[in-house]
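This is protein-v4.txt. It holds compact mmCIF, C-alpha atoms.
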```
# COMPACT_ATOMS: atom_id res chain seq x y z
CA MET F 1 -14.26 74.57 75.27
CA ILE F 2 -16.74 73.03 72.86
CA GLU F 3 -18.14 69.52 73.18
CA ARG F 4 -18.62 66.72 70.67
CA GLU F 5 -19.50 63.07 71.14
CA ILE F 6 -16.95 61.22 69.03
CA VAL F 7 -13.89 62.96 67.60
CA VAL F 8 -12.00 61.15 64.84
CA ILE F 9 -8.46 62.36 64.09
CA GLY F 10 -7.46 61.73 60.48
CA ALA F 11 -9.82 61.49 57.48
CA GLY F 12 -8.03 58.72 55.59
CA PRO F 13 -9.51 55.26 54.94
CA ALA F 14 -9.46 54.26 58.64
CA GLY F 15 -10.78 57.56 60.01
CA LEU F 16 -13.54 57.92 57.42
CA SER F 17 -14.68 54.33 57.99
CA ALA F 18 -14.67 54.88 61.76
CA ALA F 19 -16.71 58.07 61.40
CA LEU F 20 -19.24 56.37 59.11
CA GLU F 21 -19.72 53.38 61.39
CA ALA F 22 -20.12 55.56 64.51
CA ALA F 23 -22.55 57.91 62.75
CA ARG F 24 -24.60 55.00 61.34
CA SER F 25 -24.92 53.80 64.93
CA GLY F 26 -26.49 57.14 65.86
CA ALA F 27 -23.54 59.02 67.37
CA SER F 28 -22.64 62.51 66.27
CA VAL F 29 -19.12 62.69 64.91
CA LEU F 30 -16.50 65.36 64.31
CA ILE F 31 -13.70 64.30 61.96
CA ILE F 32 -10.52 66.40 61.83
CA ASP F 33 -7.81 66.37 59.17
CA GLU F 34 -4.72 68.51 58.67
CA ASN F 35 -4.99 68.40 54.89
CA HIS F 36 -7.03 70.56 52.56
CA ARG F 37 -9.07 67.55 51.38
CA PRO F 38 -10.32 64.44 53.17
CA GLY F 39 -9.41 60.95 51.93
CA GLY F 40 -5.81 60.61 53.10
CA GLN F 41 -3.82 58.54 50.63
CA LEU F 42 -6.90 57.04 48.91
CA PHE F 43 -7.09 59.65 46.15
CA LYS F 44 -3.68 58.81 44.77
CA GLN F 45 -4.45 55.08 44.65
CA ILE F 46 -5.52 54.87 41.02
CA HIS F 47 -4.96 51.11 40.92
CA LYS F 48 -7.59 48.48 41.68
CA PHE F 49 -7.67 47.12 45.23
CA PHE F 50 -7.19 43.50 46.22
CA GLY F 51 -9.19 41.14 48.40
CA SER F 52 -12.63 39.66 47.95
CA HIS F 53 -15.79 41.26 46.61
CA GLU F 54 -16.83 42.52 50.06
CA HIS F 55 -13.49 44.31 50.40
CA ARG F 56 -14.37 46.15 47.21
CA ALA F 57 -11.68 44.31 45.31
CA GLY F 58 -11.33 45.53 41.74
CA VAL F 59 -12.42 49.04 42.75
CA ARG F 60 -9.85 51.81 42.53
CA GLY F 61 -8.80 53.59 45.76
CA ILE F 62 -9.85 56.94 44.35
CA ASP F 63 -13.42 55.66 43.79
CA ILE F 64 -13.56 54.18 47.30
CA GLY F 65 -12.53 57.58 48.69
CA THR F 66 -15.20 59.38 46.70
CA GLN F 67 -17.84 56.92 47.94
CA LEU F 68 -16.80 57.25 51.61
CA ILE F 69 -17.03 61.06 51.43
CA GLU F 70 -20.39 60.85 49.66
CA ASP F 71 -21.69 58.50 52.39
CA ALA F 72 -20.40 60.82 55.12
CA SER F 73 -22.27 63.78 53.63
CA HIS F 74 -25.62 62.10 54.39
CA LEU F 75 -24.83 61.44 58.05
CA ASP F 76 -24.26 63.45 61.23
CA ILE F 77 -20.56 63.95 60.49
CA GLU F 78 -18.94 67.34 60.81
CA VAL F 79 -15.61 67.76 58.97
CA TRP F 80 -12.81 70.15 59.93
CA LEU F 81 -10.07 70.43 57.32
CA ASP F 82 -6.74 72.31 57.49
CA SER F 83 -6.88 71.48 61.20
CA GLU F 84 -3.95 70.03 63.11
CA VAL F 85 -4.50 68.13 66.32
CA CYS F 86 -1.60 69.11 68.59
CA GLY F 87 -2.52 67.28 71.76
CA ILE F 88 -5.00 65.29 73.82
CA PHE F 89 -5.35 66.33 77.45
CA HIS F 90 -7.04 64.59 80.38
CA GLU F 91 -7.95 61.68 78.09
CA ARG F 92 -10.80 63.61 76.44
CA GLU F 93 -9.75 67.12 75.48
CA VAL F 94 -8.58 67.44 71.89
CA TRP F 95 -6.46 70.50 71.20
CA VAL F 96 -6.83 71.60 67.58
CA VAL F 97 -5.11 74.41 65.67
CA ARG F 98 -7.31 75.42 62.75
CA SER F 99 -5.80 77.04 59.64
CA ARG F 100 -2.54 77.41 61.60
CA GLU F 101 -3.92 80.30 63.65
CA LEU F 102 -7.00 79.42 65.68
CA SER F 103 -6.56 77.30 68.79
CA VAL F 104 -9.65 75.32 69.82
CA THR F 105 -10.20 72.64 72.44
CA VAL F 106 -12.91 70.04 71.85
CA LYS F 107 -14.13 67.90 74.72
CA ALA F 108 -15.05 64.45 73.41
CA LYS F 109 -16.68 61.41 74.97
CA SER F 110 -14.58 59.12 72.78
CA ILE F 111 -11.62 59.80 70.51
CA ILE F 112 -10.48 57.69 67.57
CA ILE F 113 -6.89 58.27 66.44
CA ALA F 114 -6.35 57.40 62.76
CA THR F 115 -3.22 59.40 61.96
CA GLY F 116 -1.69 56.90 59.53
CA ALA F 117 2.01 56.50 58.89
CA VAL F 118 5.03 58.30 57.45
CA GLU F 119 7.54 57.05 54.87
CA ASN F 120 10.89 55.74 56.11
CA ALA F 121 14.05 57.56 55.12
CA VAL F 122 17.10 55.84 53.64
CA ASN F 123 20.35 57.68 54.17
CA PHE F 124 23.07 57.46 51.53
CA THR F 125 25.61 59.90 50.13
CA GLY F 126 23.69 62.59 48.30
CA TRP F 127 20.26 61.66 49.68
CA THR F 128 19.45 65.29 50.42
CA LEU F 129 19.90 66.31 46.76
CA PRO F 130 16.77 67.52 44.98
CA GLY F 131 15.43 64.55 43.00
CA VAL F 132 15.56 62.12 45.91
CA MET F 133 12.07 61.65 47.33
CA GLY F 134 9.68 59.20 48.96
CA ALA F 135 7.83 56.94 46.53
CA GLY F 136 4.61 58.19 48.14
CA ALA F 137 5.63 61.77 47.40
CA ALA F 138 6.26 60.88 43.74
CA GLN F 139 2.84 59.20 43.64
CA THR F 140 1.20 62.35 45.03
CA MET F 141 2.96 64.43 42.37
CA ILE F 142 1.87 62.30 39.42
CA ASN F 143 -1.62 61.24 40.50
CA ILE F 144 -2.85 64.28 42.46
CA HIS F 145 -0.87 67.22 41.08
CA ARG F 146 -0.15 65.71 37.64
CA VAL F 147 3.48 66.76 37.74
CA LEU F 148 6.18 64.34 36.62
CA PRO F 149 8.95 64.40 39.26
CA GLY F 150 11.59 63.38 36.73
CA LYS F 151 12.16 61.53 33.46
CA LYS F 152 14.56 58.77 34.55
CA VAL F 153 13.77 57.08 37.84
CA LEU F 154 15.53 54.62 40.16
CA MET F 155 13.14 52.93 42.62
CA ILE F 156 14.54 51.74 45.96
CA GLY F 157 12.37 48.94 47.35
CA SER F 158 10.32 46.26 45.58
CA GLY F 159 7.37 46.06 47.99
CA ASN F 160 3.87 46.94 46.86
CA VAL F 161 4.48 50.68 47.14
CA GLY F 162 7.69 50.37 45.10
CA VAL F 163 6.17 48.36 42.26
CA ILE F 164 2.81 50.15 42.14
CA VAL F 165 4.46 53.58 42.03
CA SER F 166 6.97 52.32 39.44
CA TYR F 167 4.12 51.25 37.20
CA GLN F 168 2.27 54.52 37.67
CA LEU F 169 5.46 56.45 36.88
CA LEU F 170 5.72 54.47 33.63
CA GLN F 171 2.08 55.27 32.88
CA ALA F 172 2.79 58.94 33.58
CA GLY F 173 5.58 58.92 30.98
CA ALA F 174 8.72 58.41 33.07
CA ASP F 175 11.39 55.85 32.29
CA VAL F 176 11.99 53.61 35.32
CA LYS F 177 15.63 52.56 34.95
CA ALA F 178 15.67 49.94 37.72
CA VAL F 179 14.04 48.67 40.88
CA VAL F 180 16.51 47.63 43.57
CA GLU F 181 15.74 45.46 46.59
CA ALA F 182 18.10 44.92 49.55
CA ALA F 183 16.50 41.58 50.44
CA GLY F 184 17.16 38.37 48.55
CA ARG F 185 13.66 38.25 47.09
CA LEU F 186 11.12 40.70 45.72
CA GLY F 187 8.58 42.06 48.19
CA GLY F 188 5.46 43.01 46.21
CA TYR F 189 2.41 41.09 45.03
CA GLY F 190 3.20 39.08 41.91
CA VAL F 191 0.60 40.79 39.75
CA HIS F 192 1.96 44.29 40.42
CA THR F 193 5.59 43.16 40.05
CA ALA F 194 4.85 41.32 36.79
CA LYS F 195 3.37 44.45 35.19
CA VAL F 196 6.60 46.36 35.82
CA ARG F 197 8.78 43.46 34.66
CA ARG F 198 6.74 43.07 31.47
CA ALA F 199 7.46 46.74 30.75
CA GLY F 200 11.14 45.79 30.65
CA VAL F 201 12.28 47.35 33.94
CA PRO F 202 15.26 45.48 35.43
CA PHE F 203 14.99 44.30 39.05
CA TYR F 204 18.09 43.83 41.21
CA THR F 205 17.83 41.89 44.49
CA ARG F 206 20.49 42.02 47.23
CA THR F 207 21.24 45.48 45.92
CA THR F 208 21.01 48.94 47.37
CA VAL F 209 21.77 52.54 46.44
CA LEU F 210 25.22 53.72 47.44
CA GLU F 211 25.26 57.27 46.22
CA ALA F 212 23.29 59.97 44.46
CA ARG F 213 25.51 62.21 42.37
CA GLY F 214 24.84 65.64 40.97
CA ASN F 215 25.55 69.31 41.55
CA ASP F 216 22.22 70.90 42.28
CA HIS F 217 20.06 67.90 41.31
CA VAL F 218 20.41 64.13 40.94
CA SER F 219 22.14 63.30 37.66
CA GLU F 220 23.45 59.80 38.44
CA ALA F 221 22.89 57.03 40.96
CA VAL F 222 25.38 54.38 42.04
CA ILE F 223 23.95 51.02 43.04
CA VAL F 224 25.87 48.16 44.61
CA SER F 225 25.39 44.47 45.49
CA LEU F 226 25.15 43.42 49.15
CA ASP F 227 26.77 40.44 50.84
CA ASP F 228 25.04 38.18 53.39
CA ALA F 229 25.81 40.67 56.17
CA TRP F 230 24.10 43.44 54.10
CA LYS F 231 27.48 45.11 53.45
CA PRO F 232 28.26 46.56 49.98
CA ILE F 233 30.58 44.35 47.89
CA PRO F 234 33.44 46.45 46.44
CA GLY F 235 33.73 46.23 42.69
CA THR F 236 30.01 45.57 42.09
CA GLU F 237 29.06 49.24 41.68
CA LYS F 238 26.89 50.21 38.71
CA VAL F 239 26.27 53.78 37.63
CA LEU F 240 22.73 54.57 36.44
CA ASP F 241 21.73 57.58 34.39
CA VAL F 242 18.79 58.90 36.45
CA ASP F 243 17.41 62.26 37.59
CA THR F 244 15.09 60.90 40.28
CA ILE F 245 15.51 58.39 43.11
CA CYS F 246 12.34 57.19 44.83
CA ILE F 247 12.49 55.56 48.26
CA ALA F 248 9.94 52.85 49.06
CA ALA F 249 11.48 51.43 52.23
CA GLY F 250 8.42 50.97 54.36
CA LEU F 251 6.40 53.16 56.70
CA THR F 252 6.45 54.09 60.38
CA PRO F 253 3.18 54.59 62.32
CA LEU F 254 2.48 58.24 63.24
CA VAL F 255 2.21 57.61 66.96
CA GLU F 256 3.23 60.89 68.66
CA LEU F 257 -0.32 61.90 69.51
CA ALA F 258 -1.29 58.50 70.92
CA PHE F 259 1.86 58.15 73.00
CA ALA F 260 1.77 61.73 74.30
CA ALA F 261 -1.83 61.00 75.36
CA GLY F 262 -0.66 58.08 77.49
CA CYS F 263 -0.99 55.01 75.25
CA ARG F 264 1.24 52.09 76.16
CA LYS F 265 4.05 51.21 73.70
CA VAL F 266 4.49 47.81 72.09
CA TYR F 267 7.36 47.09 69.69
CA SER F 268 6.32 45.41 66.46
CA PRO F 269 9.06 45.40 63.81
CA VAL F 270 6.76 43.65 61.30
CA LEU F 271 4.14 46.42 61.62
CA GLY F 272 6.54 49.37 61.46
CA GLY F 273 8.00 49.91 64.94
CA MET F 274 6.51 51.19 68.19
CA VAL F 275 2.72 51.03 68.16
CA PRO F 276 0.09 51.80 70.79
CA TRP F 277 -1.20 48.71 72.56
CA HIS F 278 -4.84 48.02 71.75
CA ASP F 279 -7.37 45.24 72.18
CA ALA F 280 -9.38 43.51 69.45
CA SER F 281 -11.96 46.33 69.58
CA MET F 282 -9.15 48.85 68.81
CA ARG F 283 -9.44 50.37 72.30
CA THR F 284 -6.16 51.48 73.93
CA ASN F 285 -5.21 51.40 77.61
CA VAL F 286 -6.73 54.90 77.84
CA PRO F 287 -10.44 53.94 77.97
CA SER F 288 -11.75 56.90 75.92
CA LEU F 289 -9.10 56.42 73.19
CA TYR F 290 -9.36 54.12 70.17
CA ILE F 291 -6.94 53.74 67.27
CA ALA F 292 -7.35 52.40 63.72
CA GLY F 293 -5.38 51.97 60.52
CA ASP F 294 -1.63 52.33 60.00
CA VAL F 295 -1.10 54.09 63.37
CA SER F 296 -2.02 50.79 65.02
CA GLY F 297 0.51 48.91 62.85
CA VAL F 298 1.23 49.41 59.14
CA GLU F 299 -0.86 47.13 56.87
CA GLU F 300 -2.84 48.29 53.85
CA ALA F 301 -5.93 50.36 53.06
CA SER F 302 -8.56 47.58 53.07
CA THR F 303 -7.48 46.44 56.54
CA ALA F 304 -7.36 50.08 57.69
CA MET F 305 -11.00 50.51 56.64
CA GLU F 306 -12.08 47.39 58.55
CA GLU F 307 -10.17 48.49 61.64
CA GLY F 308 -11.85 51.87 61.34
CA ARG F 309 -15.22 50.12 61.35
CA LEU F 310 -14.25 48.15 64.47
CA ALA F 311 -13.15 51.33 66.26
CA GLY F 312 -16.21 53.37 65.22
CA LEU F 313 -18.57 50.61 66.18
CA SER F 314 -16.85 50.01 69.53
CA ALA F 315 -16.83 53.71 70.42
CA ALA F 316 -20.56 53.96 69.60
CA TYR F 317 -21.29 50.84 71.64
CA SER F 318 -19.34 52.16 74.63
CA LEU F 319 -21.59 55.26 74.51
CA ARG F 320 -24.65 52.94 74.42
CA TYR F 321 -25.82 53.86 70.94
CA ILE F 322 -26.33 50.24 69.97
CA GLU F 323 -27.44 47.10 71.79
CA LYS F 324 -25.08 44.24 72.48
CA ASP F 325 -26.67 41.89 69.93
CA GLU F 326 -26.30 44.38 67.11
CA TYR F 327 -22.78 45.29 68.19
CA ASP F 328 -21.69 41.64 68.31
CA SER F 329 -23.13 40.88 64.91
CA ARG F 330 -21.61 43.93 63.13
CA PHE F 331 -18.33 43.55 65.00
CA ASN F 332 -17.94 39.88 64.11
CA ASP F 333 -18.69 40.61 60.45
CA ALA F 334 -15.84 43.13 60.32
CA LEU F 335 -13.55 40.79 62.24
CA ARG F 336 -14.23 37.98 59.78
CA ARG F 337 -13.40 40.27 56.85
CA ILE F 338 -10.15 41.34 58.57
CA ASP F 339 -9.18 37.71 59.13
CA SER F 340 -9.55 36.99 55.44
CA LEU F 341 -7.39 40.06 54.61
CA ARG F 342 -4.74 38.77 56.99
CA SER F 343 -4.44 35.36 55.39
CA GLY F 344 -2.20 33.95 52.69
CA MET F 345 1.48 34.36 52.07
CA PHE F 346 1.57 38.10 52.84
CA GLY F 347 -1.24 38.35 55.39
CA GLU F 348 -0.19 35.59 57.76
CA LYS F 349 2.86 37.49 59.05
CA ARG F 350 0.70 40.53 59.73
CA ARG F 351 -1.93 38.42 61.50
CA ILE F 352 0.66 36.95 63.88
CA ALA F 353 2.19 40.38 64.54
CA LYS F 354 -1.24 41.91 65.23
CA HIS F 355 -2.14 39.16 67.67
CA ALA F 356 1.17 39.68 69.46
CA ILE F 357 0.24 43.34 70.03
CA ILE F 358 -3.27 42.51 71.25
CA ASN F 359 -1.95 39.80 73.58
CA HIS F 360 1.00 41.88 74.82
CA ILE F 361 0.95 42.25 78.61
CA MET V 1 33.99 49.89 51.39
CA LYS V 2 34.38 53.15 53.27
CA GLU V 3 31.29 54.51 54.96
CA ASP V 4 30.47 58.16 54.27
CA LYS V 5 30.59 59.80 57.70
CA GLU V 6 29.63 63.22 56.37
CA LEU V 7 26.16 62.23 55.21
CA TYR V 8 23.27 63.95 56.91
CA ILE V 9 21.17 61.83 59.23
CA CYS V 10 18.98 64.73 60.41
CA ARG V 11 18.49 66.91 57.39
CA CYS V 12 16.39 69.56 59.18
CA GLU V 13 19.25 70.44 61.52
CA GLU V 14 22.06 69.19 59.22
CA VAL V 15 23.56 66.71 61.69
CA THR V 16 26.01 64.22 60.17
CA LEU V 17 26.64 60.55 60.90
CA ARG V 18 30.07 61.50 62.26
CA GLU V 19 28.57 63.87 64.84
CA ILE V 20 26.02 61.30 65.96
CA GLU V 21 28.57 58.50 66.29
CA GLN V 22 30.85 60.84 68.21
CA VAL V 23 28.31 61.63 70.93
CA ILE V 24 27.32 57.96 71.20
CA ASP V 25 31.00 57.12 71.76
CA GLU V 26 31.12 59.82 74.43
CA GLY V 27 28.51 57.83 76.33
CA TYR V 28 25.19 59.37 75.26
CA HIS V 29 23.00 56.38 74.52
CA THR V 30 19.44 57.70 74.46
CA LEU V 31 17.56 59.52 71.69
CA ASP V 32 16.99 62.44 74.07
CA ASP V 33 20.70 62.76 74.88
CA VAL V 34 21.70 62.69 71.22
CA LYS V 35 18.98 65.21 70.43
CA ARG V 36 19.95 67.65 73.18
CA ILE V 37 23.63 67.62 72.27
CA THR V 38 23.51 67.56 68.47
CA ARG V 39 20.00 69.04 67.81
CA ALA V 40 19.19 65.98 65.65
CA GLY V 41 15.40 65.69 65.70
CA MET V 42 14.79 69.27 66.86
CA GLY V 43 13.94 70.69 63.43
CA LEU V 44 10.78 71.20 61.44
CA CYS V 45 9.88 67.52 61.19
CA GLN V 46 10.57 66.96 64.90
CA GLY V 47 12.47 63.74 64.34
CA ARG V 48 9.74 62.10 62.31
CA SER V 49 12.21 60.92 59.67
CA CYS V 50 15.49 60.60 61.60
CA SER V 51 14.66 59.26 65.07
CA LYS V 52 14.23 55.68 63.86
CA VAL V 53 17.57 55.89 62.00
CA ILE V 54 19.34 57.36 65.04
CA ALA V 55 17.84 54.64 67.25
CA ARG V 56 19.27 52.04 64.87
CA ILE V 57 22.73 53.67 64.95
CA ILE V 58 22.70 53.77 68.78
CA SER V 59 21.60 50.13 68.88
CA GLN V 60 24.28 48.96 66.42
CA ARG V 61 27.01 50.86 68.25
CA THR V 62 26.07 49.99 71.84
CA GLY V 63 24.23 46.67 71.59
CA ILE V 64 21.21 48.17 73.41
CA PRO V 65 18.03 46.62 71.90
CA ILE V 66 16.24 49.05 69.59
CA GLU V 67 12.91 48.61 71.39
CA GLU V 68 14.58 49.94 74.54
CA ILE V 69 15.97 52.98 72.72
CA LEU V 70 12.55 53.73 71.20
CA GLN V 71 10.96 53.96 74.68
CA VAL V 72 10.99 57.75 74.56
CA LYS V 73 8.65 60.29 76.04
CA TYR V 74 6.43 62.20 73.61
CA ARG V 75 5.31 65.74 74.38
CA PHE V 76 2.66 68.16 73.15
CA PRO V 77 2.36 69.97 70.81
CA VAL V 78 2.94 67.18 68.29
CA ARG V 79 2.84 69.67 65.41
CA THR V 80 4.96 72.77 64.96
CA GLU V 81 2.79 75.85 65.44
CA LYS V 82 3.44 79.57 65.57
CA LEU V 83 3.64 80.96 69.10
CA GLY V 84 0.78 83.31 68.21
CA VAL V 85 -1.75 80.48 68.48
CA PHE V 86 -1.04 80.25 72.21
CA ASN V 87 -1.56 83.95 72.62
CA ASP V 88 -5.33 84.02 72.69
CA GLY V 89 -6.73 82.96 76.05
CA GLU V 90 -10.28 83.18 74.75
CA GLU V 91 -11.49 80.23 72.73
CA PRO V 92 -14.08 80.88 70.07
CA GLN V 93 -17.30 78.88 70.21
CA THR V 94 -17.71 77.33 66.80
```

Take the structure in this file and express it as structure tokens.
Amino acid sequence: MIEREIVVIGAGPAGLSAALEAARSGASVLIIDENHRPGGQLFKQIHKFFGSHEHRAGVRGIDIGTQLIEDASHLDIEVWLDSEVCGIFHEREVWVVRSRELSVTVKAKSIIIATGAVENAVNFTGWTLPGVMGAGAAQTMINIHRVLPGKKVLMIGSGNVGVIVSYQLLQAGADVKAVVEAAGRLGGYGVHTAKVRRAGVPFYTRTTVLEARGNDHVSEAVIVSLDDAWKPIPGTEKVLDVDTICIAAGLTPLVELAFAAGCRKVYSPVLGGMVPWHDASMRTNVPSLYIAGDVSGVEEASTAMEEGRLAGLSAAYSLRYIEKDEYDSRFNDALRRIDSLRSGMFGEKRRIAKHAIINHI
Amino acid sequence: MKEDKELYICRCEEVTLREIEQVIDEGYHTLDDVKRITRAGMGLCQGRSCSKVIARIISQRTGIPIEEILQVKYRFPVRTEKLGVFNDGEEPQT
């Protein structure tokens, strides 16, 4: 067994920010990611981020990712890629499988879990046909691999992921035939939604997808209006000529590792389902375990980065790398920035849900 | 409007809505029970995409709150690995 001080699991926005904050405090950090590249979902975020200046508003996700990795290269941060964490034993022992063949156990003083979230499935007739995919998957194809998933797209879900990916699909040369939303109102930020509407894409609220048709690939989609009980209304079906159906129906926190390690479960429908209980410092009921980012409740990348800072800072403080005064001052700065991200029409709901988790007994 | 009972809920193991509703009606009301009988959630993705959907179906059919159904036990390994990785008792010092 090898030993490391702080092990961070997941090199997305939360994990990278946690690693940076812990390393800046003087701790030595090992960050582990199952992918071939660090950065998580940041590198496919080619749009400009929201928030205030100190949240790097107006900067594109891809540039934030590049900066985080550049910063990490100057600090005591070791990076293991192509490495899957399969378990955490005795609260401190991280079991890693590297390159799918080498099993290694790392004994850590503190562990920060930043495993992110996974896209929700929507089941309808034909949903397993090629051409039906997560909106996040389509975004990876166009922005990372530069492959157009299809020419004529139906987007299911009008939240930020749905409208941002719709716009990027248009930019990539696809024709977005429609965006459908099961709720009575659109879910995304006005500025993102407006860009897609200005491009002439029709939006249908109280509407869902009923069926994907096609022999070996999607060639048509059937959409239908919903009544107040969310049931399809017969006779309202519309057939759309599409070859791709993208699903943007929310995310679920990737919690297996945290729960198998003994974290307590709290149900938070607003933040994506079952999440590990944690306090304001992102510490779980297992004292050596911290969490940050979407695994602690699905929000967005700027909040994930701030939560990562809280977790990294708290782990470093618990190992006595920094004095209380410095901890308090840096911690409160991050907390203040988080509060401003969780304000306004969209943020307030998340703020209440987050407090309910922290105060859950 | 008629619901399609033949649609796959667990695509890894090709388990349909009909099969899942059938075992719920037979009295199996936990995710573990449904998994053990139908194999839903036992495939490559290990229930990462279907378990939330199955929990919702159980909840709608039985009235059990979804947060109760989602109180399941998680086990290691949380990723699918080849058995060969367990083979080597000696761990390399990196």

Where does chain V meet chain F within 7 Å, residue by residue, with the nearest atom pair and distance in Å to one decimal for each, counting only C-alpha atoms, listed by chain and rising number, as CSV?
```
residue,atom,partner,partner_atom,distance
V:Met1,CA,F:Pro234,CA,6.1
V:Asp4,CA,F:Thr125,CA,6.6
V:Leu7,CA,F:Thr125,CA,5.6
V:Ile9,CA,F:Asn123,CA,6.6
V:Ser49,CA,F:Ala121,CA,5.9
V:Glu67,CA,F:Tyr267,CA,6.0
V:Tyr74,CA,F:Ala260,CA,4.7
V:Arg75,CA,F:Ala260,CA,5.3
V:Phe76,CA,F:Gly87,CA,5.4
V:Pro77,CA,F:Cys86,CA,4.6
V:Val78,CA,F:Cys86,CA,4.9
V:Arg79,CA,F:Cys86,CA,5.5
V:Glu81,CA,F:Arg100,CA,6.8
V:Val85,CA,F:Glu101,CA,5.3
V:Glu91,CA,F:Val104,CA,6.0
V:Gln93,CA,F:Ile2,CA,6.4
```

**Asked** Can you list, as a PyMOL selection string, every protein, DNA or RNA residue that comes within 12 Å of Glu26 (chain V) when you count all atoms listed in the file, leaving out same-chain residues fewer than 5 positions away?
**Response** chain V and resi 19-21+33-34+37+58+61-62

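Nearest-residue note for Gly134 (chain F): choosing from F:Arg198, F:His74, F:Cys246, F:Arg60, the minimum distance belongs to F:Cys246, counting all atoms listed in the file.
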
Calculate, to one decimal in Å, the centre and edge lengths of the box along x, y and z of the file that holds all listed atoms of region 263-279 of chain F with 6 Å of margin on each side, and present them as AutoDock Vina command-line options.
```
--center_x 0.8 --center_y 49.3 --center_z 68.7 --size_x 28.4 --size_y 23.4 --size_z 26.9
```

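Between CA of Met305 (chain F) and CA of Ser343 (chain F) the interatomic distance comes to 16.6 Å.
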